[in-house]
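I have placed the structure first, in the form of structure tokens, so that the comments after it can refer back to it.
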There are 4 protein chains.
Amino acid sequence: MRGEMGSDEGGLYRSRLGRGMDEEALSYLSSLSDDREILLDDLEGTEAHVIMLYEQKIISEDEAAEIVKVLEELREKALRGEVELEGGFEDVHELIEAYAVKRLGVEIGGKLHTGRSRNDQIALDIRLRVRRYLLELWEAGLRLAEAFLSKAREERDTLMPHYTHLQQAQIGYVSQYLLAHLDHLLRDIERIESCYHRVNQSPLGACAIAGSTLPLNRMRVAELLGFEGLIENSVDAVSSRDFALEALSAASIMMVNLSRVAEDLIIWSSSEFDYVELPDELASPSSVMPHKKNPCILELLRAKTGKVIGLLTASLALMKGIPTGYDRDLQEGKPLIWEALRESCRSVRMMAKVIKRIRFKRDKLLESVAKSYAPAIELAEALIKHSGLSLREAHQLVGAFVKRLHESKIPLRSSRLEDLRELAEEVLGRGIRLPEEAFREAVRADRVPRLRLTRGAAHPEEVRRQIEEREKLLKEHSSRLREALKNLSESRRKFEESLSLLLSRSTA
Amino acid sequence: MRGEMGSDEGGLYRSRLGRGMDEEALSYLSSLSDDREILLDDLEGTEAHVIMLYEQKIISEDEAAEIVKVLEELREKALRGEVELEGGFEDVHELIEAYAVKRLGVEIGGKLHTGRSRNDQIALDIRLRVRRYLLELWEAGLRLAEAFLSKAREERDTLMPHYTHLQQAQIGYVSQYLLAHLDHLLRDIERIESCYHRVNQSPLGACAIAGSTLPLNRMRVAELLGFEGLIENSVDAVSSRDFALEALSAASIMMVNLSRVAEDLIIWSSSEFDYVELPDELASPSSVMPHKKNPCILELLRAKTGKVIGLLTASLALMKGIPTGYDRDLQEGKPLIWEALRESCRSVRMMAKVIKRIRFKRDKLLESVAKSYAPAIELAEALIKHSGLSLREAHQLVGAFVKRLHESKIPLRSSRLEDLRELAEEVLGRGIRLPEEAFREAVRADRVPRLRLTRGAAHPEEVRRQIEEREKLLKEHSSRLREALKNLSESRRKFEESLSLLLSRSTA
Amino acid sequence: MRGEMGSDEGGLYRSRLGRGMDEEALSYLSSLSDDREILLDDLEGTEAHVIMLYEQKIISEDEAAEIVKVLEELREKALRGEVELEGGFEDVHELIEAYAVKRLGVEIGGKLHTGRSRNDQIALDIRLRVRRYLLELWEAGLRLAEAFLSKAREERDTLMPHYTHLQQAQIGYVSQYLLAHLDHLLRDIERIESCYHRVNQSPLGACAIAGSTLPLNRMRVAELLGFEGLIENSVDAVSSRDFALEALSAASIMMVNLSRVAEDLIIWSSSEFDYVELPDELASPSSVMPHKKNPCILELLRAKTGKVIGLLTASLALMKGIPTGYDRDLQEGKPLIWEALRESCRSVRMMAKVIKRIRFKRDKLLESVAKSYAPAIELAEALIKHSGLSLREAHQLVGAFVKRLHESKIPLRSSRLEDLRELAEEVLGRGIRLPEEAFREAVRADRVPRLRLTRGAAHPEEVRRQIEEREKLLKEHSSRLREALKNLSESRRKFEESLSLLLSRSTA
Amino acid sequence: MRGEMGSDEGGLYRSRLGRGMDEEALSYLSSLSDDREILLDDLEGTEAHVIMLYEQKIISEDEAAEIVKVLEELREKALRGEVELEGGFEDVHELIEAYAVKRLGVEIGGKLHTGRSRNDQIALDIRLRVRRYLLELWEAGLRLAEAFLSKAREERDTLMPHYTHLQQAQIGYVSQYLLAHLDHLLRDIERIESCYHRVNQSPLGACAIAGSTLPLNRMRVAELLGFEGLIENSVDAVSSRDFALEALSAASIMMVNLSRVAEDLIIWSSSEFDYVELPDELASPSSVMPHKKNPCILELLRAKTGKVIGLLTASLALMKGIPTGYDRDLQEGKPLIWEALRESCRSVRMMAKVIKRIRFKRDKLLESVAKSYAPAIELAEALIKHSGLSLREAHQLVGAFVKRLHESKIPLRSSRLEDLRELAEEVLGRGIRLPEEAFREAVRADRVPRLRLTRGAAHPEEVRRQIEEREKLLKEHSSRLREALKNLSESRRKFEESLSLLLSRSTA
């Protein structure tokens, strides 16, 4: 495509400047290769702008039709992957205008930019692109939420030790673990949703920074492109990128939590834990160690979290302390945004695949539960209930009891009430009341969850209730996403009608 | 206070562990000094918990009353600044329990922790503290918004060049500049508001990680403390810090924008720009250069933005890839949260003071406007309207015109239409139509803003309209903040009633 | 101390500015509380400066003596912790000068700042302080290196599986693991050492930014303070903080590696791995789960790594894009530097304690080694040697073999050569040559390390050799640190002589 | 190339795993596209390994020759840009081996990996690549240093105000400013140089993590590839990336300083300062504002600094807390390293171009100097010298003097000694001694630099001396770079001899 439009020495915009740009400088300046992401968005935005220019009688119907035809032509090339984003131009905006000028002459092609500046144009493009990414992330998030939910249903009664400090803490359920991450994810999705509406506002019409003396209809362009409103103030419209920083923050927080799931699953995949097994098609072999089955996908997700954090940091650092207005610094922010959101979308989708297909090894988990000292906490609570001990006393007594058992390698479930009683005299200086039955219940790791009484606890009925309520919640979330998508496709339909009308009327 | 409760060698919780903790290790481990921030929150949460324990008949009325009395005693000491957070304890939770045990014996004092773990307790405390910070930031944000608005009213018609790339781009108004930042700030406030509601959920009752076998009433505690709901799932409740990461993200985005305002004002304070003057009481002298008047406050705000970015980065990096559940890593996150939110609150308040008191030097601004080439863009648009040139042609022609003027040191306002006409023949190979009056209007920097036709432009009427609408918007925002505050004080009132009732009934 | 010197309304430096500073602004501006770190350094630097002023006859001997006396007085207060760094002053420099003025009147006390600006003064103070931190980190690093080495000696022949992807990869030695981290640490120490010499250069004498018209002797001050040379160019001297960024980078890289050691030990502390046991005095109990023994120190070290990363990020972001010269932004960098280096020093010392006292559970490790499939790689190499298979063929064959064993739950060590032979026909379509003895050797996990032939491998003799060589290396490192310390104490001695001489001569 | 080698369903290494990898997972996992950076390095490393295998008689001469021939064939394709790094393979290592297997069969092609793991192989490749980047950065740094020096020579006597807080502080020289950045840059180059030697160590031969039972000669491979030594310990060799983190730190620190130069030049390019002019070929036009000439290159450099900071952060965060050994996380670090170093190299080169070609507008600078109040500091020093005032008294007096002049709009150079005398009585309550000549000298901004007496000051002779010494310094730096390059080309020559010898002997 380069040759086809041959950016002459000076570039389209260099009327004021004497010489053509230094080649190395141009390559340093050019964002063309990063602009592949927004080629289609820029074309769409430009078409909407041209329709409005014609409706406002700023350009003629014929001019508008010719320009749109050329833009459609370019879009088709782009869809066939035939537009090479290289050389000669500073960015995709210049490339597109140069193409129109090449095809229609500067008298007509040169009108496509009327009333626009690259400053408001790129702000528009980034919003269009981020909007698409957020929809993708929203969708992927909901798919992952479904995966958590369906796996939670599957493993509803699968016992497991819950960990704090990577030490067994209390006995619970695989489902409770999965539901925890589902709840976190729903908050992630809420953040994405509210960011979406802040992104979905049109900045076009701000021109360079102060607006235009041409009778541009900003709301009409916004409507054609499916925006919910305007970024009204012209200085704000070209200067601000808070919407993108917000999107990256939401993505980072989401990734950070998924990195913790990844860490859990990596540890549980070790032969020492051996709680889960990745399906072969999601595991990676060693090039030299034939016995290995590596959870590489999860390691990469963990690493990509570091990367997304760094991209957010870069974006914030880049914006820090630059003057209000469009500064070229902002250009450098674009690829950081694409990269962070792309990696996040991929990672969320990948995690959904992992959650769906990973196998929890119930026997191994049960084995681990059976020999756990974790019910110590429930034993202490039994002492509180039956013996009137304070938590601190109960804690001291059970702590000493467990220490002793541990040293003698006696599992908690095989411990004896008599020994506890005897120890109580020693530790507390007095006896305890605890019925044998209550004692037995409390030291049976596989039974303690059923004793729990608090809302949201790892208890079979609570888990069931959570699952049911989350099912409803997920449906509501899905319908909100569908609503957003419907609005966009509705706008797109009307936009295409305007486009067809214009093209059909044109005599060219 | 240390001596008063004398953490014995082993610490309160060390029943299972043989020896006392190594002193250097304890100092490394202890978060006591960072916990000053949450001493009062922890006391408040503990009192609510104790009221609930008694209402649920888990402890007796007398026990509850005694414990609450001791907690109130400690709170008063804390308010008088007499609680030294040093030595001997791992954290504020241990310190408070040790105090109660010291005063009431382990049989009663040791009950204050019943059904709680430090895992859900600290999650509660952080939410209480972040809630307070967010209210402070919300309030400070609204005050700054008012400062922007009132200054915009004051400087409504003060002309200034708007900048892109720190080059004069278009002529506009100081008010348009201020309104741009007001609009950004309102989005910042929206982010804080929606974060507030995600923060305002109670995690208490999750116990260590899986809930409790005691009949705790989680909703009751939430209600007493003014929370809107629960973080229901117990694993989620102790593991997640997404709410704090979200708060830090919102603060970072806000700070990044304010750092740009700071940069503008620093540059405008230079003797070369000389557009603004800080009042003496907000400027800083040099220790050795007697002629200096330094905009240090703004430089510090810019720097603190870097710091807040780093604290967000630290918080994200710290959470990356740690196992689900409470890990001690989370402790290290606390001071990062306090520091980032504290610095943000202070900076927003400081910026409000600056905006209120800074003086825009109207004469200097007008002088700069008068000699500006910035209306070139409006001249190009005049050519589009009157001469039917395409934007690109008009751009080329005006570009060449300005280049020539600049070389001959002729200001744009003194340029002649004949010269433009002549140049047109040369550059475009054809003549142009442009009435003298239109030409004159377009080259007068002080007049061009009135020619603008687009919504949100730097135009006197648009500025006036923006100001009026933002006034209404600000009122709505304020009433939402007042609503949140009212809910909290309502809860607090009921909480204190329960407290009084308990204390009055008690025979102790 | 505040009252004692009573910063009057205007502050010392406000001659040019009309009013006193706004109180909230002063609190925002003031770095006093962060300056506790450099109070002693500032006093030391000031004394050296005063000695030079007198030697250069810029002030009289008596004046110098009086000033030094007052500074010594203040230093003693500081050492007794009696200097409150609060209120009224922008920083420690102003506080000290105000003290001298209070005690000696402005005619003499006001001379202490002659030929200096806070710009070069703070650059000096930071270098003095970072120098001390680097010496501390260097020392702590060497102590940790010794801990690694001595533990490596202790566990020289303790077998363990080495992990990649947290999967058992090859059998090796605990010592080999420890020596790996020793080698990394030695590179960390090298980085600290070369940073030390770049830090140890004096910026004093640059004055505000361009030097002074007074005959200051910059080299003399440098010599008194033990610096190796000057940061010569005056603009460079006041503007640059690269030395501190370098120190933070070196610390971050060091911490990142230690966080990996922490992660290993946390995982190995889990009851599922159970490879190591922390001594009780370095472990932390649960407030509610009496059976727990948490590796909190290691979790905190991991978290502090995130914090140090964030502080480095903050420092870099803060410096990004500010104008050359001293900007107030730099002030905000100070506490970031202190915090990052302090946390690093503490963490390195804590890790040394952990490494020294942690117990490797040899029986558990051996048990794990015995049932490992890790020797598969050595079996593949045996096939290469004896059977002429290519690595890829051997890999395929052994991979299939291990898969089969794994499915039938047969440990590698109990596998049979016949089965491998049979499988070879199937997988490779041809037979293999492999003596029974070679086969047996290769599948014995506890034997394979002895078969290794490469330099630096996990082989008993290689481990022994590494230990011996590192002992020598460590001695060389230690003597370089001792050299640096000796130079400083030598300078300090001469400095104190000059000080005594001055004080003794003085009649005051 | 994809079709040519057709990665079969399972992949080369999947002997142990049942099914082929999920396509989306493979695309998530694959680093192929990032591996373009190391394709040639991997080929070079592989050839060196094969030569060693043959010399050690691990494979036959014929086998080695055949493999090398195929590798050379692939290298030529790569040099012609004909190797498509897409699809089917996890990374470049698998792609290369698959190619060899395709061409030579698994019996011979499958030997290329003998005694290697991807773990040590990728560590080698990264070191080879980072080594090249560091040489590039070193070279670019020296070119920029020369540009600073030669511009300093050119503008040796060009007066300018030096700024602190973006306020005029003292009068100095453009050359002094440039020399400051030269000195910073020389420290940057020192950091790169010492990092270079830590990078230039071979990790190959560590195999998966514990070494090999084959008689590999690690030193021989190191020698062939021009390394200065080994990363000896096998666990260290595959786990560590400190060398890359160090390279990124050095690059970040360098970029941060250059971002400050960029900020200065952006501000000086504004029409308000108007101190410098970028040549047209390094400036960028506006797409709509014909009068603009934007310093986009400098804005991008400033932004890329934010990006490089973020990439360093990402790299550190990614490494934080992952287990020792090779984890797949490390893969994600590669493109971060390439990107950060590539951007740094480009930016340094671009800055050299800017410095060489930028024009300092001497008349504008002089105009600014002439009306500056900056000599106030020298006036205060004159009072110290002649009148025996303390600095603080002189500061107060001159501060009040300047305040009065400023209010009456009288420039300092036109001020009168009488007025100062009078003011002294008022401010200090006593008279001052100051000869008229000394007064006149001190208030002439264009004269004060010549009065300075300190080393490294902005004084004509000091600037001259600095220039001369830096010339020598630069020569020494250059010769150290040339030495490093010579060593590499010497090794490369010997390596090619070994290669030729092998190829010539081979009968194939």
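In the structure tokens, the first chain shown is A, the next is B, and so on; residue numbers restart at 1 for each chain, and ligands run from 1 in the order shown.
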Near chain C, 8 Å: chain A residue rows, closest pairs, only C-alpha atoms, as a tab-separated table:
residue	atom	partner	partner_atom	distance
A:His165	CA	C:Asn294	CA	6.0
A:Leu166	CA	C:Ser270	CA	6.1
A:Gln167	CA	C:Ser270	CA	5.6
A:Gln168	CA	C:Lys292	CA	7.7
A:Ala169	CA	C:Met289	CA	6.9
A:Ile266	CA	C:Leu166	CA	7.3
A:Ile267	CA	C:Leu166	CA	7.2
A:Ser270	CA	C:Gln167	CA	5.6
A:Ser271	CA	C:Gln167	CA	6.9
A:Glu272	CA	C:Phe273	CA	5.6
A:Phe273	CA	C:Glu272	CA	5.6
A:Val288	CA	C:His395	CA	6.4
A:Met289	CA	C:Ile377	CA	5.2
A:Pro290	CA	C:Gly399	CA	4.1
A:His291	CA	C:Gly399	CA	5.7
A:Lys292	CA	C:Gln167	CA	7.0
A:Lys293	CA	C:Gln167	CA	7.7
A:Asn294	CA	C:His165	CA	6.0
A:Pro295	CA	C:His165	CA	7.0
A:Cys296	CA	C:His165	CA	7.3
A:Glu299	CA	C:His165	CA	7.7
A:Ala317	CA	C:Ala317	CA	5.5
A:Lys320	CA	C:Ala317	CA	7.8
A:Gly321	CA	C:Gly321	CA	7.4
A:Tyr373	CA	C:His291	CA	6.4
A:Ala374	CA	C:His291	CA	6.9
A:Ala376	CA	C:His291	CA	6.4
A:Ile377	CA	C:Met289	CA	5.2
A:Leu391	CA	C:Val288	CA	7.9
A:His395	CA	C:Pro290	CA	5.7
A:Gln396	CA	C:Pro290	CA	7.1
A:Val398	CA	C:Pro290	CA	6.1
A:Gly399	CA	C:Pro290	CA	4.1
A:Ala400	CA	C:Pro290	CA	7.8
A:Val402	CA	C:His291	CA	5.8
A:Lys403	CA	C:His291	CA	7.0
Residues within 12 Å of Leu71 in chain B, only C-alpha atoms, excluding chain neighbours under 2 positions, as a PyMOL selection string: chain B and resi 39-50+64-69+73-78+95-101+103-104+109+112+499+503
Contacts of Val448 in chain C at 9 Å (only C-alpha atoms; same-chain gap of 6+ positions) as a count of residues only: 8
Selection: 12 Å around Lys494 in chain D, only C-alpha atoms, excl. self and same-chain fewer than 2 positions, as a list in words: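 Surrounding residues, per the criterion: Ala48, Arg220, Val221, Glu223, Leu224, Leu225, Gly226, Asn487, Leu488, Ser489, Glu490, Ser491, Arg492, Glu496, Glu497, Ser498, Leu499, Ser500 and Leu501 of chain D.
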All residues 12 Å or closer to Ser478 in chain C, only C-alpha atoms, same chain fewer than 6 positions away omitted, as a PyMOL selection string: chain C and resi 135+138-143+145-146+186+189-190+193+470-472+484-485
Members of range 80-287 of chain C assigned strand (DSSP E) by DSSP, as an MDAnalysis selection string: chainID C and resid 159:164 167:173 201:202 229:230 276:277
Include N, CA, C and O atoms and write out the residues we just selected as a PDB file, in the first residue's frame.
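Contents of the output file part02.pdb:
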ATOM      1  N   LEU C 159      20.441 -34.979  49.902  1.00  0.00           N
ATOM      2  CA  LEU C 159      19.792 -35.059  48.592  1.00  0.00           C
ATOM      3  C   LEU C 159      18.470 -34.309  48.586  1.00  0.00           C
ATOM      4  O   LEU C 159      17.775 -34.239  49.603  1.00  0.00           O
ATOM      5  N   MET C 160      18.119 -33.780  47.440  1.00  0.00           N
ATOM      6  CA  MET C 160      16.787 -33.162  47.281  1.00  0.00           C
ATOM      7  C   MET C 160      16.439 -33.149  45.799  1.00  0.00           C
ATOM      8  O   MET C 160      17.327 -33.205  44.947  1.00  0.00           O
ATOM      9  N   PRO C 161      15.165 -33.090  45.498  1.00  0.00           N
ATOM     10  CA  PRO C 161      14.812 -32.882  44.089  1.00  0.00           C
ATOM     11  C   PRO C 161      14.959 -31.396  43.767  1.00  0.00           C
ATOM     12  O   PRO C 161      14.533 -30.559  44.558  1.00  0.00           O
ATOM     13  N   HIS C 162      15.608 -31.085  42.659  1.00  0.00           N
ATOM     14  CA  HIS C 162      15.564 -29.711  42.171  1.00  0.00           C
ATOM     15  C   HIS C 162      14.320 -29.553  41.311  1.00  0.00           C
ATOM     16  O   HIS C 162      13.926 -30.488  40.615  1.00  0.00           O
ATOM     17  N   TYR C 163      13.728 -28.379  41.379  1.00  0.00           N
ATOM     18  CA  TYR C 163      12.441 -28.168  40.716  1.00  0.00           C
ATOM     19  C   TYR C 163      12.539 -27.207  39.544  1.00  0.00           C
ATOM     20  O   TYR C 163      13.290 -26.234  39.588  1.00  0.00           O
ATOM     21  N   THR C 164      11.797 -27.510  38.509  1.00  0.00           N
ATOM     22  CA  THR C 164      11.492 -26.506  37.490  1.00  0.00           C
ATOM     23  C   THR C 164       9.989 -26.570  37.325  1.00  0.00           C
ATOM     24  O   THR C 164       9.396 -27.654  37.411  1.00  0.00           O
ATOM     25  N   GLN C 167       7.822 -28.667  39.470  1.00  0.00           N
ATOM     26  CA  GLN C 167       7.780 -30.103  39.265  1.00  0.00           C
ATOM     27  C   GLN C 167       9.190 -30.631  39.499  1.00  0.00           C
ATOM     28  O   GLN C 167      10.159 -29.966  39.162  1.00  0.00           O
ATOM     29  N   GLN C 168       9.285 -31.815  40.060  1.00  0.00           N
ATOM     30  CA  GLN C 168      10.610 -32.387  40.266  1.00  0.00           C
ATOM     31  C   GLN C 168      11.316 -32.546  38.930  1.00  0.00           C
ATOM     32  O   GLN C 168      10.778 -33.139  38.000  1.00  0.00           O
ATOM     33  N   ALA C 169      12.543 -32.035  38.845  1.00  0.00           N
ATOM     34  CA  ALA C 169      13.223 -32.055  37.558  1.00  0.00           C
ATOM     35  C   ALA C 169      14.443 -32.977  37.563  1.00  0.00           C
ATOM     36  O   ALA C 169      14.550 -33.895  36.750  1.00  0.00           O
ATOM     37  N   GLN C 170      15.367 -32.703  38.456  1.00  0.00           N
ATOM     38  CA  GLN C 170      16.539 -33.566  38.571  1.00  0.00           C
ATOM     39  C   GLN C 170      16.880 -33.675  40.051  1.00  0.00           C
ATOM     40  O   GLN C 170      16.592 -32.783  40.829  1.00  0.00           O
ATOM     41  N   ILE C 171      17.523 -34.773  40.396  1.00  0.00           N
ATOM     42  CA  ILE C 171      17.929 -34.948  41.792  1.00  0.00           C
ATOM     43  C   ILE C 171      19.257 -34.227  42.018  1.00  0.00           C
ATOM     44  O   ILE C 171      20.159 -34.299  41.187  1.00  0.00           O
ATOM     45  N   GLY C 172      19.331 -33.513  43.119  1.00  0.00           N
ATOM     46  CA  GLY C 172      20.576 -32.815  43.424  1.00  0.00           C
ATOM     47  C   GLY C 172      20.775 -32.725  44.924  1.00  0.00           C
ATOM     48  O   GLY C 172      20.401 -33.645  45.652  1.00  0.00           O
ATOM     49  N   TYR C 173      21.333 -31.612  45.350  1.00  0.00           N
ATOM     50  CA  TYR C 173      21.678 -31.460  46.766  1.00  0.00           C
ATOM     51  C   TYR C 173      21.148 -30.140  47.315  1.00  0.00           C
ATOM     52  O   TYR C 173      21.116 -29.130  46.598  1.00  0.00           O
ATOM     53  N   GLN C 201      30.992  10.345  46.314  1.00  0.00           N
ATOM     54  CA  GLN C 201      31.560  11.508  45.636  1.00  0.00           C
ATOM     55  C   GLN C 201      30.843  12.737  46.175  1.00  0.00           C
ATOM     56  O   GLN C 201      29.628  12.734  46.296  1.00  0.00           O
ATOM     57  N   SER C 202      31.568  13.770  46.415  1.00  0.00           N
ATOM     58  CA  SER C 202      30.954  14.944  47.048  1.00  0.00           C
ATOM     59  C   SER C 202      30.385  15.959  46.054  1.00  0.00           C
ATOM     60  O   SER C 202      31.085  16.411  45.151  1.00  0.00           O
ATOM     61  N   GLY C 229      35.975  11.548  45.726  1.00  0.00           N
ATOM     62  CA  GLY C 229      36.148  12.565  44.703  1.00  0.00           C
ATOM     63  C   GLY C 229      34.961  13.501  44.676  1.00  0.00           C
ATOM     64  O   GLY C 229      34.164  13.527  45.610  1.00  0.00           O
ATOM     65  N   LEU C 230      34.842  14.274  43.602  1.00  0.00           N
ATOM     66  CA  LEU C 230      33.766  15.263  43.471  1.00  0.00           C
ATOM     67  C   LEU C 230      32.776  14.877  42.378  1.00  0.00           C
ATOM     68  O   LEU C 230      33.153  14.252  41.386  1.00  0.00           O
ATOM     69  N   VAL C 276      11.239 -28.561  55.288  1.00  0.00           N
ATOM     70  CA  VAL C 276      12.010 -27.731  56.210  1.00  0.00           C
ATOM     71  C   VAL C 276      11.162 -27.395  57.429  1.00  0.00           C
ATOM     72  O   VAL C 276       9.941 -27.453  57.390  1.00  0.00           O
ATOM     73  N   GLU C 277      11.862 -27.055  58.513  1.00  0.00           N
ATOM     74  CA  GLU C 277      11.129 -26.552  59.668  1.00  0.00           C
ATOM     75  C   GLU C 277      11.804 -25.304  60.208  1.00  0.00           C
ATOM     76  O   GLU C 277      12.996 -25.301  60.531  1.00  0.00           O
TER      77      GLU C 277
END
Computed interatomic separation between CA of Ala445 in chain A and CA of Pro460 in chain A (Å): 14.1 Å
Interatomic distance, CA of Asp236 in chain B to CA of Ile192 in chain A (Å, one decimal): 19.4 Å
All helix (DSSP H, G or I) residues (DSSP, backbone) inside range 50-294 of chain A, as a ChimeraX atom specification: /A:50-55,61-79,92-109,118-154,174-199,218-224,234-239,242-269,280-282
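Interatomic distance, CA of Arg455 in chain B to CA of Ile122 in chain A: 18.8 Å.
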For Glu461 in chain C: contacts at 12 Å, only C-alpha atoms, fewer than 2 positions along chain excluded, given as a list in words: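 Near Glu461 in chain C, the qualifying residues are Arg156, Asp157, Tyr173, Ser175, Gln176, Pro449, Arg450, Leu451, Arg452, Leu453, Thr454, Arg455, Gly456, Ala457, Ala458, His459, Val463, Arg464, Arg465, Gln466, Ile467 and Glu468 of chain C.
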Residues within 9 Å of range 414-422 of chain A, only C-alpha atoms, excluding chain neighbours under 4 positions, as a list in words: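 The residues that qualify are Leu397, Val398, Phe401, Leu405, Ile410, Glu426, Val427, Gly431, Ile432, Arg433, Leu434, Pro435, Glu436, Phe439, Arg440, Val443 and Arg444 of chain A.
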Shortest interatomic distance to Asp264 in chain A - which of B:Trp338, B:Met351, B:Ala25, B:Gly325, counting only C-alpha atoms: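 That would be B:Gly325, the residue with the smallest distance to Asp264 in chain A.
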